[in-house]
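The structure appears right after this line, and notes come after that.
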Amino acid sequence: MPPNRRRLPFDLALLGFTSYIGFMSHPDLRENFPNSLWAAMGRGALLRCPRCRKGRLFQGYLKPVQNCQNCHKKWDTVRADLAPAWASMTLSAHVIVVVYHFFFFDTSIANWIATSSLIGIAALISLLSLPSFKGLFMALVWWNRMEAQQG
Ligand SMILES: [Zn+2]
């Protein structure tokens, strides 16, 4: 057996021990680490770092920060892909279906007003909810360790 194979269990134990000490010695991680997936998703929905709750999650409207300003967690490799778009479209569709029924039974409203109102409401709800849904799904991806590999 080569010497490197024999050292592997020892190296893994040392790696686990040092990362545990590093984790516990960082006050923000020890005190502010989320207790559950729901807590992490709530922090993401409030556009805060799901790991420490203090740093911002986005540097623009939907662009994630490269690293959290507080805990230095790398966020640009955590991708939510199409899940936020799906969620915001589902939400806005359910709202405009309700509004549509008010327009449908009130025939005194012109069609162009009804249609443009529905489009405006759908666009507004989608634009307002999209960052929160992205933060929520980024927290879900991070919690389940499904981050993209670098390179
Ligand atoms: Zn953080």
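Ligands are numbered from 1 in the order shown, chains are lettered A, B, ... in the order of the structure tokens, and residues start at 1 in each chain.
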
Could you give me, as JSON lines, every chain A residue with an atom at most 10 Å from ligand 1, plus its closest atom pair and distance in Å to one decimal, counting only C-alpha atoms and all ligand atoms, rows ordered by chain then number?
{"residue": "A:Asp28", "atom": "CA", "partner": "ligand 1", "partner_atom_place_in_ligand_line": "1 (Zn)", "distance": 8.4}
{"residue": "A:Leu29", "atom": "CA", "partner": "ligand 1", "partner_atom_place_in_ligand_line": "1 (Zn)", "distance": 8.4}
{"residue": "A:Asn32", "atom": "CA", "partner": "ligand 1", "partner_atom_place_in_ligand_line": "1 (Zn)", "distance": 9.2}
{"residue": "A:Phe33", "atom": "CA", "partner": "ligand 1", "partner_atom_place_in_ligand_line": "1 (Zn)", "distance": 9.3}
{"residue": "A:Arg48", "atom": "CA", "partner": "ligand 1", "partner_atom_place_in_ligand_line": "1 (Zn)", "distance": 7.8}
{"residue": "A:Cys49", "atom": "CA", "partner": "ligand 1", "partner_atom_place_in_ligand_line": "1 (Zn)", "distance": 4.6}
{"residue": "A:Pro50", "atom": "CA", "partner": "ligand 1", "partner_atom_place_in_ligand_line": "1 (Zn)", "distance": 6.7}
{"residue": "A:Arg51", "atom": "CA", "partner": "ligand 1", "partner_atom_place_in_ligand_line": "1 (Zn)", "distance": 5.1}
{"residue": "A:Cys52", "atom": "CA", "partner": "ligand 1", "partner_atom_place_in_ligand_line": "1 (Zn)", "distance": 4.1}
{"residue": "A:Arg53", "atom": "CA", "partner": "ligand 1", "partner_atom_place_in_ligand_line": "1 (Zn)", "distance": 6.1}
{"residue": "A:Lys54", "atom": "CA", "partner": "ligand 1", "partner_atom_place_in_ligand_line": "1 (Zn)", "distance": 6.0}
{"residue": "A:Gly55", "atom": "CA", "partner": "ligand 1", "partner_atom_place_in_ligand_line": "1 (Zn)", "distance": 4.9}
{"residue": "A:Arg56", "atom": "CA", "partner": "ligand 1", "partner_atom_place_in_ligand_line": "1 (Zn)", "distance": 7.5}
{"residue": "A:Leu57", "atom": "CA", "partner": "ligand 1", "partner_atom_place_in_ligand_line": "1 (Zn)", "distance": 7.9}
{"residue": "A:Asn67", "atom": "CA", "partner": "ligand 1", "partner_atom_place_in_ligand_line": "1 (Zn)", "distance": 7.9}
{"residue": "A:Cys68", "atom": "CA", "partner": "ligand 1", "partner_atom_place_in_ligand_line": "1 (Zn)", "distance": 4.6}
{"residue": "A:Gln69", "atom": "CA", "partner": "ligand 1", "partner_atom_place_in_ligand_line": "1 (Zn)", "distance": 6.5}
{"residue": "A:Asn70", "atom": "CA", "partner": "ligand 1", "partner_atom_place_in_ligand_line": "1 (Zn)", "distance": 5.0}
{"residue": "A:Cys71", "atom": "CA", "partner": "ligand 1", "partner_atom_place_in_ligand_line": "1 (Zn)", "distance": 4.1}
{"residue": "A:His72", "atom": "CA", "partner": "ligand 1", "partner_atom_place_in_ligand_line": "1 (Zn)", "distance": 6.0}
{"residue": "A:Lys73", "atom": "CA", "partner": "ligand 1", "partner_atom_place_in_ligand_line": "1 (Zn)", "distance": 5.7}
{"residue": "A:Lys74", "atom": "CA", "partner": "ligand 1", "partner_atom_place_in_ligand_line": "1 (Zn)", "distance": 8.7}
{"residue": "A:Trp75", "atom": "CA", "partner": "ligand 1", "partner_atom_place_in_ligand_line": "1 (Zn)", "distance": 9.0}

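Near range 88-104 of chain A, within 8 Å and counting only C-alpha atoms, sit Ala114, Leu118, Ile121, Ala122, Ala123, Ile125, Ser126, Ser129, Leu130 and Phe133 of chain A; same-chain residues fewer than 6 positions away were not included.
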
May I have all residues of range 54-118 of chain A that DSSP, computed from the backbone, assigns to strand (DSSP E or B), given as a JSON list (two decimals) with N, CA and C atoms, in the first residue's frame?
[["chain", "number", "residue", "atom", "x", "y", "z"],
["A", 56, "ARG", "N", -25.70, 41.70, 1.88],
["A", 56, "ARG", "CA", -26.67, 41.75, 0.79],
["A", 56, "ARG", "C", -26.44, 40.57, -0.14],
["A", 58, "PHE", "N", -27.76, 40.56, -3.49],
["A", 58, "PHE", "CA", -27.67, 41.03, -4.88],
["A", 58, "PHE", "C", -26.95, 42.38, -4.93],
["A", 64, "PRO", "N", -26.25, 38.41, -8.46],
["A", 64, "PRO", "CA", -25.77, 38.11, -7.10],
["A", 64, "PRO", "C", -24.40, 38.72, -6.84],
["A", 67, "ASN", "N", -19.05, 37.79, -3.46],
["A", 67, "ASN", "CA", -18.88, 37.24, -2.11],
["A", 67, "ASN", "C", -19.72, 38.08, -1.15],
["A", 74, "LYS", "N", -19.24, 32.66, -1.15],
["A", 74, "LYS", "CA", -19.25, 32.92, -2.59],
["A", 74, "LYS", "C", -20.67, 32.65, -3.12]]

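CA of Val65 in chain A to CA of Tyr20 in chain A spans 25.5 Å [interatomic distance, one decimal].
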
Open item on the list: Write out as a PyMOL selection string the set of residues from range 51-133 of chain A that DSSP, computed on the backbone, places in alpha helix (DSSP H).
Closed with: chain A and resi 83-105+111-133

TODO: To one decimal in Å, tell me the separation between CA of Ala39 in chain A and CA of Lys134 in chain A.
DONE: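 It comes out at 15.1 Å.
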
TODO: Measuring atom to atom with only C-alpha atoms, identify which of A:Ile109, A:Ile119, A:Val141, A:Ala148 is nearest to Gly44 in chain A.
DONE: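 Of the candidates, the smallest distance to Gly44 in chain A is held by A:Val141.
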
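CA of Ser36 in chain A lies 20.5 Å from CA of Pro84 in chain A.
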
- [ ] Identify which of the residues A:Val78, A:Leu14, A:Met146, A:Leu136 lies closest to Gly42 in chain A, counting only C-alpha atoms when measuring atom-to-atom distances.
- [x]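 For Gly42 in chain A, the nearest of the given residues is A:Leu136.
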